[in-house]
Structures are given as structure tokens and as C-alpha cells.
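Listing of start.cif, mmCIF, C-alpha atoms
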data_entry
loop_
_atom_site.label_atom_id
_atom_site.label_comp_id
_atom_site.auth_asym_id
_atom_site.auth_seq_id
_atom_site.Cartn_x
_atom_site.Cartn_y
_atom_site.Cartn_z
CA MET A 1 91.37 99.87 127.59
CA ARG A 2 91.69 97.41 124.70
CA ARG A 3 94.09 94.47 124.81
CA LEU A 4 94.87 91.56 122.51
CA THR A 5 96.53 88.24 123.37
CA ILE A 6 97.26 85.33 121.04
CA LEU A 7 97.56 81.90 122.64
CA ASN A 8 100.16 79.36 121.56
CA ASN A 9 97.52 77.53 119.50
CA GLU A 10 96.67 80.85 117.74
CA ILE A 11 93.33 81.58 119.39
CA ARG A 12 93.01 85.37 119.50
CA ILE A 13 91.53 87.06 122.59
CA VAL A 14 90.51 90.71 122.42
CA THR A 15 88.94 92.61 125.30
CA GLN A 16 87.70 96.13 125.86
CA THR A 17 87.46 97.03 129.53
CA LEU A 18 84.64 99.42 130.43
CA LYS A 19 84.87 99.73 134.20
CA ASP A 20 81.60 101.62 134.68
CA ARG A 21 79.47 98.77 133.30
CA ASP A 22 77.67 96.12 135.32
CA SER A 23 77.48 93.76 132.36
CA ALA A 24 79.96 91.67 130.44
CA SER A 25 79.39 90.54 126.85
CA VAL A 26 81.41 87.74 125.31
CA GLY A 27 81.41 86.17 121.87
CA ILE A 28 83.16 83.18 120.33
CA TRP A 29 83.74 83.93 116.65
CA PHE A 30 84.58 81.45 113.93
CA GLY A 31 85.77 82.59 110.52
CA VAL A 32 83.29 80.48 108.60
CA GLY A 33 79.82 81.03 107.19
CA GLY A 34 77.54 80.30 104.30
CA ARG A 35 80.01 81.11 101.54
CA TYR A 36 82.26 78.24 102.67
CA GLU A 37 79.61 75.74 101.64
CA ASN A 38 78.87 74.15 98.28
CA ALA A 39 75.72 73.27 96.35
CA GLN A 40 75.44 69.91 98.13
CA ASN A 41 75.87 70.97 101.77
CA LYS A 42 74.30 74.44 101.60
CA GLY A 43 72.90 75.31 105.01
CA VAL A 44 75.32 73.20 107.04
CA ALA A 45 76.91 76.18 108.86
CA HIS A 46 73.47 77.41 109.95
CA PHE A 47 72.45 73.86 110.93
CA ILE A 48 75.51 73.49 113.21
CA GLU A 49 74.66 76.80 114.89
CA HIS A 50 71.17 75.47 115.68
CA MET A 51 72.50 72.15 116.95
CA ALA A 52 74.98 73.78 119.34
CA PHE A 53 72.09 74.78 121.61
CA LYS A 54 70.74 71.22 121.76
CA GLY A 55 73.41 70.11 124.20
CA SER A 56 77.17 69.61 124.44
CA ARG A 57 79.87 67.54 126.15
CA HIS A 58 79.13 68.96 129.62
CA TYR A 59 75.74 70.68 129.33
CA THR A 60 72.26 69.51 128.42
CA CYS A 61 69.95 71.59 126.23
CA ASP A 62 68.02 72.82 129.26
CA GLU A 63 71.17 73.67 131.23
CA VAL A 64 72.56 75.77 128.39
CA LYS A 65 69.55 78.08 128.56
CA GLN A 66 68.78 77.95 132.28
CA LEU A 67 72.30 78.62 133.56
CA ILE A 68 72.54 81.86 131.60
CA GLU A 69 68.94 83.07 131.51
CA GLY A 70 68.56 82.05 135.15
CA VAL A 71 71.02 84.75 136.21
CA GLY A 72 69.42 87.46 134.10
CA GLY A 73 71.61 86.96 131.05
CA SER A 74 70.83 86.38 127.40
CA LEU A 75 72.49 84.18 124.80
CA ASN A 76 72.18 83.61 121.09
CA ALA A 77 74.15 82.97 117.92
CA PHE A 78 74.17 83.97 114.28
CA THR A 79 75.57 82.71 111.02
CA SER A 80 76.50 85.13 108.25
CA ASP A 81 78.23 84.67 104.91
CA GLU A 82 81.71 84.77 106.44
CA GLU A 83 81.35 84.36 110.23
CA THR A 84 79.55 82.38 112.90
CA CYS A 85 79.28 83.82 116.41
CA TYR A 86 78.00 82.40 119.72
CA TYR A 87 77.47 85.17 122.25
CA ALA A 88 76.02 86.11 125.61
CA LYS A 89 75.52 89.13 127.84
CA VAL A 90 75.43 88.58 131.60
CA PRO A 91 76.02 90.33 134.91
CA ARG A 92 79.80 90.46 135.19
CA LYS A 93 80.09 88.03 138.12
CA HIS A 94 78.73 85.24 135.91
CA LEU A 95 81.23 85.63 133.07
CA ASP A 96 83.32 82.53 133.91
CA ARG A 97 80.42 80.06 133.76
CA THR A 98 78.95 81.82 130.72
CA PHE A 99 82.16 81.47 128.73
CA ASP A 100 82.46 77.82 129.73
CA ILE A 101 78.97 77.17 128.36
CA LEU A 102 79.57 79.05 125.10
CA ALA A 103 82.89 77.28 124.56
CA ASP A 104 81.38 73.88 125.28
CA ILE A 105 78.41 74.20 122.94
CA SER A 106 80.44 75.66 120.08
CA PHE A 107 83.57 73.47 120.24
CA PHE A 108 82.01 70.30 121.66
CA PRO A 109 78.35 70.07 120.51
CA ALA A 110 76.74 66.68 121.03
CA LEU A 111 75.19 66.62 117.53
CA ALA A 112 72.96 63.74 118.65
CA LYS A 113 71.05 62.05 115.82
CA SER A 114 67.72 62.27 117.62
CA GLU A 115 68.10 66.02 118.16
CA LEU A 116 69.37 66.47 114.61
CA GLU A 117 66.19 65.03 113.15
CA LYS A 118 64.01 67.28 115.32
CA GLU A 119 66.04 70.37 114.45
CA ARG A 120 65.96 69.47 110.76
CA THR A 121 62.18 69.85 110.89
CA VAL A 122 62.55 73.21 112.65
CA ILE A 123 64.94 74.52 109.98
CA LEU A 124 62.74 73.26 107.14
CA GLU A 125 59.87 75.23 108.68
CA GLU A 126 62.16 78.27 108.98
CA ILE A 127 62.95 78.02 105.26
CA LYS A 128 59.23 77.83 104.46
CA MET A 129 58.56 80.83 106.70
CA TYR A 130 61.08 83.00 104.81
CA ARG A 131 59.61 81.87 101.50
CA ASP A 132 56.16 82.92 102.72
CA LEU A 133 57.41 86.38 103.77
CA PRO A 134 57.93 88.42 100.59
CA GLN A 135 60.01 91.09 102.35
CA TYR A 136 62.60 88.35 103.05
CA TYR A 137 62.23 86.24 99.93
CA VAL A 138 62.74 89.28 97.70
CA MET A 139 66.26 89.51 99.14
CA GLU A 140 66.99 85.88 98.27
CA LEU A 141 65.96 86.60 94.69
CA LEU A 142 68.21 89.67 94.62
CA GLU A 143 71.19 87.71 95.94
CA GLU A 144 70.70 85.13 93.20
CA LEU A 145 71.03 87.94 90.65
CA LEU A 146 74.02 89.57 92.31
CA TRP A 147 76.05 86.41 92.87
CA PRO A 148 74.80 83.84 90.33
CA ASN A 149 75.98 80.23 90.60
CA HIS A 150 77.94 81.04 93.74
CA PRO A 151 77.43 80.21 97.46
CA LEU A 152 76.76 83.92 98.17
CA GLY A 153 73.76 83.69 95.84
CA ARG A 154 72.17 80.84 97.81
CA SER A 155 70.18 81.10 101.03
CA LEU A 156 72.15 80.90 104.29
CA ALA A 157 69.60 78.49 105.68
CA GLY A 158 69.98 76.25 102.66
CA SER A 159 67.13 74.79 100.65
CA SER A 160 64.59 72.11 101.51
CA GLU A 161 66.54 69.77 99.23
CA THR A 162 69.96 70.28 100.89
CA VAL A 163 68.77 70.46 104.50
CA SER A 164 66.70 67.30 104.06
CA VAL A 165 69.78 65.20 103.29
CA LEU A 166 72.43 66.72 105.61
CA SER A 167 73.71 63.95 107.89
CA GLN A 168 75.36 63.83 111.29
CA SER A 169 78.69 63.13 109.58
CA ASP A 170 78.20 66.16 107.29
CA LEU A 171 77.82 68.42 110.33
CA LYS A 172 80.72 66.85 112.22
CA ASP A 173 83.04 67.06 109.23
CA PHE A 174 82.25 70.74 108.58
CA GLN A 175 82.54 71.64 112.26
CA GLN A 176 85.87 69.84 112.69
CA ARG A 177 87.35 71.48 109.59
CA HIS A 178 86.40 75.04 110.49
CA TYR A 179 85.97 75.25 114.29
CA VAL A 180 89.72 75.17 114.87
CA PRO A 181 91.99 77.43 116.97
CA ASP A 182 93.59 79.49 114.19
CA ASN A 183 90.08 80.33 112.95
CA VAL A 184 88.78 81.62 116.31
CA VAL A 185 88.45 84.97 118.02
CA ILE A 186 87.24 85.42 121.60
CA ALA A 187 85.89 88.95 122.07
CA ALA A 188 84.72 90.34 125.40
CA CYS A 189 83.62 93.78 126.50
CA GLY A 190 82.45 95.43 129.69
CA ALA A 191 83.56 94.77 133.26
CA ILE A 192 86.41 92.58 131.98
CA ASP A 193 89.84 91.84 133.42
CA HIS A 194 91.98 90.92 130.42
CA GLU A 195 94.42 88.64 132.22
CA LYS A 196 91.59 86.78 133.89
CA MET A 197 89.83 86.37 130.53
CA VAL A 198 93.00 84.97 128.97
CA LYS A 199 93.34 82.49 131.82
CA ILE A 200 89.73 81.34 131.43
CA VAL A 201 90.16 80.79 127.70
CA GLU A 202 93.49 79.05 128.09
CA GLU A 203 92.13 76.62 130.67
CA LYS A 204 89.18 75.68 128.45
CA LEU A 205 90.66 75.86 124.96
CA GLY A 206 94.42 76.27 125.24
CA LYS A 207 95.21 72.62 124.46
CA LEU A 208 93.10 72.43 121.31
CA LYS A 209 94.94 71.96 118.05
CA GLY A 210 94.07 72.20 114.39
CA LYS A 211 94.35 74.37 111.31
CA LYS A 212 91.63 75.58 109.00
CA GLN A 213 91.67 73.24 106.01
CA ASP A 214 89.95 75.10 103.21
CA ASN A 215 88.77 78.52 102.10
CA TYR A 216 85.83 80.01 100.25
CA ILE A 217 85.36 80.29 96.50
CA PRO A 218 86.40 83.83 95.46
CA PHE A 219 83.86 85.94 93.61
CA TYR A 220 84.48 88.09 90.58
CA ARG A 221 81.91 89.43 88.18
CA ARG A 222 81.90 92.39 85.86
CA GLN A 223 78.25 93.08 85.19
CA GLU A 224 77.63 94.38 81.67
CA LYS A 225 73.85 94.86 81.69
CA PRO A 226 70.97 95.22 84.15
CA ALA A 227 69.02 92.17 85.31
CA ALA A 228 65.66 91.53 86.95
CA ARG A 229 63.77 88.75 88.67
CA PHE A 230 59.99 89.12 88.95
CA PHE A 231 58.02 86.72 91.15
CA THR A 232 54.26 86.89 90.78
CA LYS A 233 52.37 86.46 94.05
CA ASN A 234 49.05 87.70 95.37
CA THR A 235 50.32 90.16 97.99
CA GLU A 236 48.82 93.36 99.37
CA GLN A 237 51.83 95.42 98.24
CA MET A 238 54.79 95.08 95.89
CA HIS A 239 58.07 94.17 97.56
CA LEU A 240 60.97 95.72 95.68
CA ALA A 241 64.73 95.36 96.10
CA LEU A 242 67.45 97.00 94.00
CA GLY A 243 71.06 95.92 94.26
CA PHE A 244 74.33 97.19 92.80
CA LEU A 245 77.58 95.27 93.17
CA ALA A 246 79.78 97.39 95.41
CA TYR A 247 82.96 97.39 97.53
CA GLU A 248 84.71 94.85 99.70
CA THR A 249 85.28 95.62 103.39
CA ASN A 250 88.85 96.87 103.01
CA HIS A 251 88.13 99.10 100.02
CA LYS A 252 89.39 102.65 100.33
CA ASP A 253 85.88 103.99 99.70
CA TYR A 254 84.13 101.81 102.29
CA TYR A 255 83.16 104.80 104.43
CA VAL A 256 82.26 106.94 101.43
CA LEU A 257 79.69 104.32 100.43
CA ALA A 258 78.38 104.20 104.00
CA LEU A 259 77.73 107.95 103.92
CA LEU A 260 76.24 107.75 100.42
CA SER A 261 73.78 105.16 101.73
CA ILE A 262 72.74 107.45 104.59
CA ILE A 263 72.18 110.38 102.23
CA LEU A 264 70.07 108.25 99.91
CA GLY A 265 68.02 106.14 102.30
CA GLY A 266 69.53 105.84 105.77
CA ASN A 267 66.87 107.71 107.74
CA MET A 268 63.68 109.77 107.48
CA SER A 269 65.52 112.86 106.22
CA SER A 270 67.14 110.91 103.38
CA ARG A 271 66.47 111.63 99.71
CA LEU A 272 64.57 108.43 98.96
CA PHE A 273 62.35 108.68 102.04
CA SER A 274 61.60 112.33 101.35
CA GLU A 275 60.93 111.94 97.62
CA VAL A 276 59.22 108.54 97.43
CA ARG A 277 57.21 108.53 100.64
CA GLU A 278 56.81 112.09 101.94
CA ARG A 279 56.36 114.05 98.70
CA ARG A 280 54.70 111.48 96.47
CA GLY A 281 53.14 108.89 98.81
CA LEU A 282 54.33 106.00 96.65
CA ALA A 283 55.57 103.75 99.45
CA TYR A 284 55.20 103.25 103.17
CA ASN A 285 58.63 101.74 103.71
CA ILE A 286 61.80 102.63 101.82
CA GLY A 287 65.48 102.68 102.73
CA SER A 288 68.98 101.84 101.59
CA SER A 289 71.96 100.00 103.03
CA ALA A 290 75.41 98.76 102.11
CA LYS A 291 76.89 95.35 102.83
CA SER A 292 80.58 94.55 102.45
CA LEU A 293 82.31 91.18 102.34
CA ASP A 294 85.91 90.08 101.97
CA ASP A 295 86.00 90.36 98.18
CA THR A 296 82.66 91.84 97.13
CA GLY A 297 79.76 93.93 98.36
CA VAL A 298 76.36 95.36 97.52
CA PHE A 299 74.48 98.63 97.80
CA MET A 300 70.73 98.01 98.23
CA VAL A 301 67.46 99.90 98.11
CA ARG A 302 64.36 98.20 99.52
CA ALA A 303 60.76 99.36 99.40
CA GLY A 304 57.21 98.25 100.01
CA VAL A 305 55.09 99.87 97.29
CA ASP A 306 51.40 100.21 96.48
CA ASN A 307 50.48 97.54 93.93
CA HIS A 308 49.22 100.13 91.45
CA LYS A 309 52.15 102.52 91.82
CA ILE A 310 55.14 100.24 91.31
CA VAL A 311 56.15 101.67 87.93
CA ASP A 312 55.98 105.26 89.16
CA ALA A 313 57.85 104.36 92.36
CA LEU A 314 60.68 102.63 90.53
CA ASP A 315 60.96 105.52 88.08
CA VAL A 316 61.31 108.00 90.96
CA ILE A 317 63.85 105.79 92.77
CA LEU A 318 66.02 105.53 89.65
CA ASN A 319 65.82 109.29 89.12
CA VAL A 320 66.98 109.92 92.70
CA LEU A 321 69.93 107.56 92.17
CA HIS A 322 70.80 109.22 88.86
CA LYS A 323 70.64 112.69 90.38
CA ILE A 324 73.16 111.95 93.13
CA SER A 325 75.47 110.43 90.51
CA SER A 326 75.36 113.47 88.27
CA ARG A 327 75.22 116.40 90.72
CA GLU A 328 77.29 117.14 93.80
CA SER A 329 75.51 116.85 97.14
CA SER A 330 75.20 119.85 99.43
CA GLY A 331 77.60 120.51 102.27
CA ASP A 332 74.77 120.47 104.82
CA GLU A 333 73.58 117.10 103.54
CA LEU A 334 77.01 115.52 103.90
CA LYS A 335 77.47 117.09 107.34
CA ARG A 336 74.18 115.60 108.54
CA ALA A 337 75.15 112.19 107.16
CA LYS A 338 78.48 112.30 109.00
CA GLU A 339 76.84 113.33 112.25
CA TYR A 340 74.23 110.58 111.86
CA PHE A 341 76.84 107.90 111.17
CA LEU A 342 79.06 108.91 114.07
CA GLY A 343 76.13 109.41 116.42
CA GLN A 344 74.75 105.94 115.71
CA PHE A 345 78.23 104.42 115.89
CA LEU A 346 79.14 106.00 119.23
CA LEU A 347 75.73 105.38 120.79
CA GLY A 348 76.03 101.73 119.80
CA LEU A 349 79.35 101.41 121.57
CA GLU A 350 77.70 102.35 124.85
CA ASP A 351 76.23 98.85 124.89
CA THR A 352 78.72 96.12 125.79
CA MET A 353 77.15 93.69 123.30
CA ASP A 354 77.37 96.07 120.34
CA TYR A 355 80.95 96.93 121.29
CA MET A 356 81.87 93.24 121.50
CA ILE A 357 80.36 92.56 118.09
CA TRP A 358 82.28 95.46 116.54
CA LEU A 359 85.54 94.20 118.04
CA GLY A 360 84.98 90.55 117.19
CA ALA A 361 83.78 91.11 113.63
CA GLY A 362 86.81 93.25 112.79
CA LEU A 363 89.33 90.80 114.19
CA ILE A 364 87.83 87.59 112.78
CA SER A 365 87.39 89.11 109.32
CA HIS A 366 90.62 91.02 108.87
CA ASP A 367 92.86 90.11 111.80
CA LYS A 368 92.81 93.66 113.10
CA THR A 369 90.64 95.96 115.17
CA LYS A 370 89.97 99.58 114.40
CA THR A 371 90.08 102.31 117.00
CA VAL A 372 87.13 104.61 117.51
CA GLN A 373 89.28 107.58 116.53
CA ALA A 374 90.35 105.89 113.29
CA VAL A 375 86.70 105.51 112.27
CA ILE A 376 85.97 109.14 113.17
CA ASN A 377 88.95 110.28 111.08
CA LYS A 378 87.85 108.22 108.07
CA ILE A 379 84.32 109.66 108.20
CA ASN A 380 85.49 113.24 108.62
CA ALA A 381 87.84 112.88 105.65
CA VAL A 382 85.03 112.15 103.15
CA SER A 383 84.40 115.03 100.73
CA LEU A 384 81.51 116.05 98.47
CA SER A 385 83.54 115.00 95.42
CA ASP A 386 84.04 111.55 97.02
CA ILE A 387 80.28 111.08 97.32
CA LYS A 388 79.67 112.01 93.68
CA ARG A 389 82.57 109.86 92.45
CA VAL A 390 81.44 106.75 94.32
CA ALA A 391 77.79 107.28 93.36
CA LYS A 392 78.78 107.50 89.69
CA ASP A 393 80.87 104.34 90.00
CA ILE A 394 78.43 102.16 91.94
CA LEU A 395 75.06 103.37 90.63
CA SER A 396 75.77 102.93 86.94
CA PRO A 397 72.75 101.54 85.00
CA GLN A 398 74.52 98.38 83.86
CA ARG A 399 75.13 97.37 87.50
CA LEU A 400 71.42 97.45 88.33
CA ASN A 401 69.75 94.28 89.66
CA ILE A 402 66.06 94.26 90.56
CA SER A 403 63.95 91.68 92.36
CA LEU A 404 60.24 92.17 92.85
CA ILE A 405 57.45 90.15 94.43
CA GLY A 406 53.78 90.99 93.96
CA PRO A 407 50.71 90.67 91.73
CA LEU A 408 52.38 91.99 88.58
CA ASP A 409 50.30 92.16 85.42
CA ASP A 410 51.70 92.05 81.89
CA LYS A 411 51.42 95.80 81.39
CA GLN A 412 53.34 96.55 84.59
CA ARG A 413 55.98 93.98 83.71
CA SER A 414 56.51 95.58 80.32
CA SER A 415 56.63 99.09 81.81
CA LEU A 416 59.17 98.06 84.43
CA LYS A 417 61.45 96.64 81.78
CA SER A 418 61.13 99.85 79.80
CA VAL A 419 61.94 102.04 82.81
CA THR A 420 65.04 100.01 83.69
CA GLY A 421 66.29 99.21 80.21
CA ILE A 422 66.13 95.47 80.89
CA ALA A 423 65.63 93.38 77.78
#
Let me see the file written as C-alpha cells.
Amino acid sequence: MRRLTILNNEIRIVTQTLKDRDSASVGIWFGVGGRYENAQNKGVAHFIEHMAFKGSRHYTCDEVKQLIEGVGGSLNAFTSDEETCYYAKVPRKHLDRTFDILADISFFPALAKSELEKERTVILEEIKMYRDLPQYYVMELLEELLWPNHPLGRSLAGSSETVSVLSQSDLKDFQQRHYVPDNVVIAACGAIDHEKMVKIVEEKLGKLKGKKQDNYIPFYRRQEKPAARFFTKNTEQMHLALGFLAYETNHKDYYVLALLSIILGGNMSSRLFSEVRERRGLAYNIGSSAKSLDDTGVFMVRAGVDNHKIVDALDVILNVLHKISSRESSGDELKRAKEYFLGQFLLGLEDTMDYMIWLGAGLISHDKTKTVQAVINKINAVSLSDIKRVAKDILSPQRLNISLIGPLDDKQRSSLKSVTGIA
């Protein structure tokens, strides 16, 4: 059973009781992420997440890890463009202590200067690592094309320049402005008693006060022509990413795009996998995905391609995208996509952690939670004409953005521009 309680200070608590589970998963969600930063403090949200695990008001760094891992649990955190979440999964009898630890490190991190300097070095090495991994760096280049001169187009971890100068006061100021009650969701799933969970939260956080002080910079862009970013590097294969600006999370065609992505590149029976890898042997790895944010989104295709076959591979990929935009998909294809989506969705909800993340993400982003049946209904309502209509809208040539990393020569560069129509 799902229940929602809002405390007097506006902290929202949502629980899903699954009585047959031995585990309990809990997450503390804050409605803030990388897009709330600016060019000067880029990376501060991610930095705070790191620092939370270095100790807090009541727990040392070692205690944070040992008290949860020592009872067979696991804990972690993540920062995205619009949310930050601290979470743990433990045997249900250890939920009280686990929540106390998560609440303490997220709301009351020590942010000690000595630890800050050590963690700064760690994050700088993390940034270097992603730059050295072309399969990750190609996505940074794509995001720069999709969201130019905007926080969404800059790395979540920040840059070496910004992270090097972030101070203790920068972290404290950002944390105090955004880690406030009306910007918080507590989500828990598993062997949970809702009333007990509310009592635990109220005892720890019920007296906190504060309102979120600022918002993100909205994004709007009407792309008129395709764009590309080529980065020459001596790699063993070409790393390719295509991106098309797409729909925000609450868009009426959100689930249509999700099914379109499955048909095109969501699994091994998808069109791109079958055509690019199985039939032509042009790539080892290829797939598609869709990402939605509050006011924008992206549909992506990613591939790892033989250095000598990049032009042929891109030509085939673009033809596959054009074909689904111009011809209606088959009924069997759409049926398989629906079954795949719902199968993955329902299987995921068998795990208390995945269920908690689904609940928490929905509530922190849009102040509402969807029911399982509502999702099933939305998926089942998608028609063949919907797929074609959305494909035609999203996959138009002028919306195309391409990033590529590899040992490109001049001839390949010229051929790629010709294939894509990029000047």
C-alpha cells in the first residue's frame, strides 16, 4: 500500500509497503542538481554529494560506512541535472539507524576543510578519468551541442577550473539554499510501516525550517540546422553519439517516445541492433535511449564503430531513423516494444531499491506519484500512428546533433559532413 504524508515544514514522506520483503530501501531526495549551478560554481552539487560521506554532525566518515555495511546493507548517492539523492538498502530491522545516518550526512555534513581538499583531488581525478574514456566524453560533447551556453550543456562533475576554486563557503552556501524542507522528499519501500516512518522523520527533521531560494535557468531552443562536434583521438574504435532535442517529462508523448526508443535501439531485437550490427557488422555496440527533464529532453543513439566503417555506419543509422519517420511500424513490432517496456518496468519494481527510486523521482520532480496501473494504461494506449508521428517530429534532419571521438582523417570528416548535411 502506498501512503503520503506532508509534515508541517513541508517535507514529503512517501512509502510503499511490500510486506513480503526482508529489505527496506530509503532515499532522501533534494530537488536540486547540476542545472541549478552557474559557470562559476559548476560541479558544486556533485562536490557536496561527495563531501556528505566524509562525516557529519553525529557520524564520522568510517561510522557512516561501517554502521550500514556492517549489517549487510549498502549505501550510495547520485547527483543528476535536477535531483540529488542519498539512499540505502538494509535489512528492515536496521531502517531507523540507517535513516538517521542518511539524514545526518545530507542535512548536516561536516564539510571540513581538510577533507574538502582531499576530496577535491579525488574529483579532479574523476574528471580526468571521464575525459580519458571516449565512451563518456563523447556524451559531454553531445550535451554541449544540445544545450549550448547553458548549465545542462556542462559536465555534472564540473571542470578542472571550477572544481579547483570551489571553497568551503561555496559548498555551505549552495547546501543551505537548496537542502531545505520544502525541497525534500523522503521515499521508502519494502517492509515499511508508514506511521513509524513518519515518526522517525519528524523526530529527526520535523523542526527544520527554510524555503528554496532560487530556481534553474529555463531552456528553450529551436534548432534550425544540424550540428557536429568531432574530436580527433587515437582510439581503437570510433565513439559516436547522435542526439535530437525531445520532450519534457510531462509531455503527452513521453511514453510514445519511450516505445519509439525501444523499437529503434532498446534491445537486441531492435532495428538499429539488427541492421547495424547483425546484418552489416558495422558496430559491436549500438543502442538508443530517451532522457526527459522538466522543460527539455533528448533522444540519443550511441555506437562504438570500426574506425574504417564510420561513414557507412552513420549512413545506415540515419537511414533507419528516416525509415521509421516515413513508414508506419508493424503491429507486432509495437506489441513487442510494449511488452518489453512493461516487463522491464514491472520486474524492476520487484526490487525495493528500484521501487523507491521510481517513487522518489516522481514526487521530487513533479510533486506527484504515478500508479503502476496508470503507466500500464499509458503504454497500452500508444498506437502505430503515434509512433510515426513522434518519429517524424523528433527525428527531423535539422534537429540532428552528432559528437564523435576517434582517429578521423580529412576524407572521413568530409564524408561525414556530406552524409549529415552539416556545413
- Would you kindly return, as a PyMOL selection string, each protein, DNA or RNA residue with an atom no farther than 8 Å from any atom of Val256 in chain A, considering all atoms listed in the file and excluding same-chain residues fewer than 3 positions away? chain A and resi 253+259-260+379+382+386-387+390
- Task: Please evaluate the PyMOL selection byres ((chain A and resi 11) around 10) against the displayed coordinates and give the resulting residues as a list in words.
- Result: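 Applied to this file, the PyMOL selection byres ((chain A and resi 11) around 10) selects Thr5, Ile6, Leu7, Asn8, Asn9, Glu10, Arg12, Ile13, Val180, Pro181, Asp182, Asn183, Val184, Val185, Ile186, Val201, Glu202, Leu205, Gly206, Leu208 and Lys209 of chain A.
Take the candidates A:Asp367, A:Asp104, A:Asp354, A:Glu224 and check each one against Ser25 in chain A using all atoms listed in the file; the shortest distance goes to A:Asp354.
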- Got a sec to check which residues sit within 10 Å of (66.5, 70.4, 109.9), counting all atoms listed in the file, and write them as a count of residues only? 28
With range 396-420 of chain A as the partner and 9 Å as the cut-off, tabulate the residues of range 212-316 of chain A that qualify, each row holding the nearest pair of atoms and their distance in Å to one decimal, using only C-alpha atoms, sorted by chain and rising number, as JSON lines.
{"residue": "A:Arg222", "atom": "CA", "partner": "A:Arg399", "partner_atom": "CA", "distance": 8.6}
{"residue": "A:Gln223", "atom": "CA", "partner": "A:Arg399", "partner_atom": "CA", "distance": 5.8}
{"residue": "A:Glu224", "atom": "CA", "partner": "A:Gln398", "partner_atom": "CA", "distance": 5.5}
{"residue": "A:Lys225", "atom": "CA", "partner": "A:Gln398", "partner_atom": "CA", "distance": 4.2}
{"residue": "A:Pro226", "atom": "CA", "partner": "A:Leu400", "partner_atom": "CA", "distance": 4.8}
{"residue": "A:Ala227", "atom": "CA", "partner": "A:Asn401", "partner_atom": "CA", "distance": 4.9}
{"residue": "A:Ala228", "atom": "CA", "partner": "A:Ile402", "partner_atom": "CA", "distance": 4.5}
{"residue": "A:Arg229", "atom": "CA", "partner": "A:Ser403", "partner_atom": "CA", "distance": 4.7}
{"residue": "A:Phe230", "atom": "CA", "partner": "A:Leu404", "partner_atom": "CA", "distance": 5.0}
{"residue": "A:Phe231", "atom": "CA", "partner": "A:Ile405", "partner_atom": "CA", "distance": 4.8}
{"residue": "A:Thr232", "atom": "CA", "partner": "A:Gly406", "partner_atom": "CA", "distance": 5.2}
{"residue": "A:Lys233", "atom": "CA", "partner": "A:Gly406", "partner_atom": "CA", "distance": 4.7}
{"residue": "A:Asn234", "atom": "CA", "partner": "A:Pro407", "partner_atom": "CA", "distance": 5.0}
{"residue": "A:Thr235", "atom": "CA", "partner": "A:Gly406", "partner_atom": "CA", "distance": 5.4}
{"residue": "A:Glu236", "atom": "CA", "partner": "A:Gly406", "partner_atom": "CA", "distance": 7.7}
{"residue": "A:Gln237", "atom": "CA", "partner": "A:Gly406", "partner_atom": "CA", "distance": 6.5}
{"residue": "A:Met238", "atom": "CA", "partner": "A:Gly406", "partner_atom": "CA", "distance": 4.6}
{"residue": "A:His239", "atom": "CA", "partner": "A:Ile405", "partner_atom": "CA", "distance": 5.1}
{"residue": "A:Leu240", "atom": "CA", "partner": "A:Leu404", "partner_atom": "CA", "distance": 4.6}
{"residue": "A:Ala241", "atom": "CA", "partner": "A:Ser403", "partner_atom": "CA", "distance": 5.3}
{"residue": "A:Leu242", "atom": "CA", "partner": "A:Ile402", "partner_atom": "CA", "distance": 4.6}
{"residue": "A:Gly243", "atom": "CA", "partner": "A:Asn401", "partner_atom": "CA", "distance": 5.1}
{"residue": "A:Phe244", "atom": "CA", "partner": "A:Leu400", "partner_atom": "CA", "distance": 5.3}
{"residue": "A:Leu245", "atom": "CA", "partner": "A:Arg399", "partner_atom": "CA", "distance": 6.5}
{"residue": "A:Asn307", "atom": "CA", "partner": "A:Pro407", "partner_atom": "CA", "distance": 7.2}
{"residue": "A:His308", "atom": "CA", "partner": "A:Gln412", "partner_atom": "CA", "distance": 8.8}
{"residue": "A:Ile310", "atom": "CA", "partner": "A:Gln412", "partner_atom": "CA", "distance": 7.9}
{"residue": "A:Val311", "atom": "CA", "partner": "A:Leu416", "partner_atom": "CA", "distance": 5.9}
{"residue": "A:Leu314", "atom": "CA", "partner": "A:Leu416", "partner_atom": "CA", "distance": 7.8}
{"residue": "A:Asp315", "atom": "CA", "partner": "A:Val419", "partner_atom": "CA", "distance": 6.4}
- d(CA of Phe341 in chain A, CA of Arg279 in chain A) in Å: 24.8 Å
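From CA of Leu349 in chain A back to CA of Arg2 in chain A, the distance works out to 13.3 Å.
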- Task: Name the closest residue to Thr84 in chain A among the candidates A:Met129, A:Thr15, A:Gly360, A:Lys211; distances are taken between atoms, counting only C-alpha atoms.
- Result: A:Gly360
- If you count only C-alpha atoms, which residues fall within 12 Å of Arg97 in chain A, apart from same-chain ones fewer than 6 positions away, as an MDAnalysis selection string? chainID A and resid 26 58:59 63:64 66:68 71 73 88:91 103:104 197 200:201 204
- Please provide the set of residues having any atom within 9 Å of Ala39 in chain A, restricted to only C-alpha atoms, with same-chain residues fewer than 5 positions apart removed, written as a PyMOL selection string. chain A and resi 150-151+154+162
- Task: Kindly give the distance, in Å, that separates CA of Gly362 in chain A and CA of Trp29 in chain A, rounded to a single decimal.
- Result: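 Interatomic distance, CA of Gly362 in chain A to CA of Trp29 in chain A: 10.5 Å.
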Output as a CSV table (one decimal), keeping the file's coordinate frame: range 212-222 of chain A, completed with N, CA and C atoms.
chain,number,residue,atom,x,y,z
A,212,LYS,N,92.7,75.5,110.0
A,212,LYS,CA,91.6,75.6,109.0
A,212,LYS,C,92.1,74.9,107.7
A,213,GLN,N,91.2,74.1,107.1
A,213,GLN,CA,91.7,73.2,106.0
A,213,GLN,C,91.3,73.8,104.6
A,214,ASP,N,90.3,74.6,104.5
A,214,ASP,CA,90.0,75.1,103.2
A,214,ASP,C,89.4,76.5,103.3
A,215,ASN,N,89.2,77.1,102.2
A,215,ASN,CA,88.8,78.5,102.1
A,215,ASN,C,87.5,78.6,101.2
A,216,TYR,N,87.0,79.8,101.1
A,216,TYR,CA,85.8,80.0,100.2
A,216,TYR,C,86.2,80.2,98.8
A,217,ILE,N,85.2,80.1,97.9
A,217,ILE,CA,85.4,80.3,96.5
A,217,ILE,C,85.3,81.8,96.3
A,218,PRO,N,86.4,82.4,95.7
A,218,PRO,CA,86.4,83.8,95.5
A,218,PRO,C,85.3,84.2,94.5
A,219,PHE,N,84.9,85.5,94.5
A,219,PHE,CA,83.9,85.9,93.6
A,219,PHE,C,84.4,87.1,92.8
A,220,TYR,N,84.2,87.0,91.5
A,220,TYR,CA,84.5,88.1,90.6
A,220,TYR,C,83.4,88.1,89.5
A,221,ARG,N,82.9,89.3,89.3
A,221,ARG,CA,81.9,89.4,88.2
A,221,ARG,C,81.9,90.9,87.7
A,222,ARG,N,82.0,91.1,86.4
A,222,ARG,CA,81.9,92.4,85.9
A,222,ARG,C,80.6,92.4,85.1
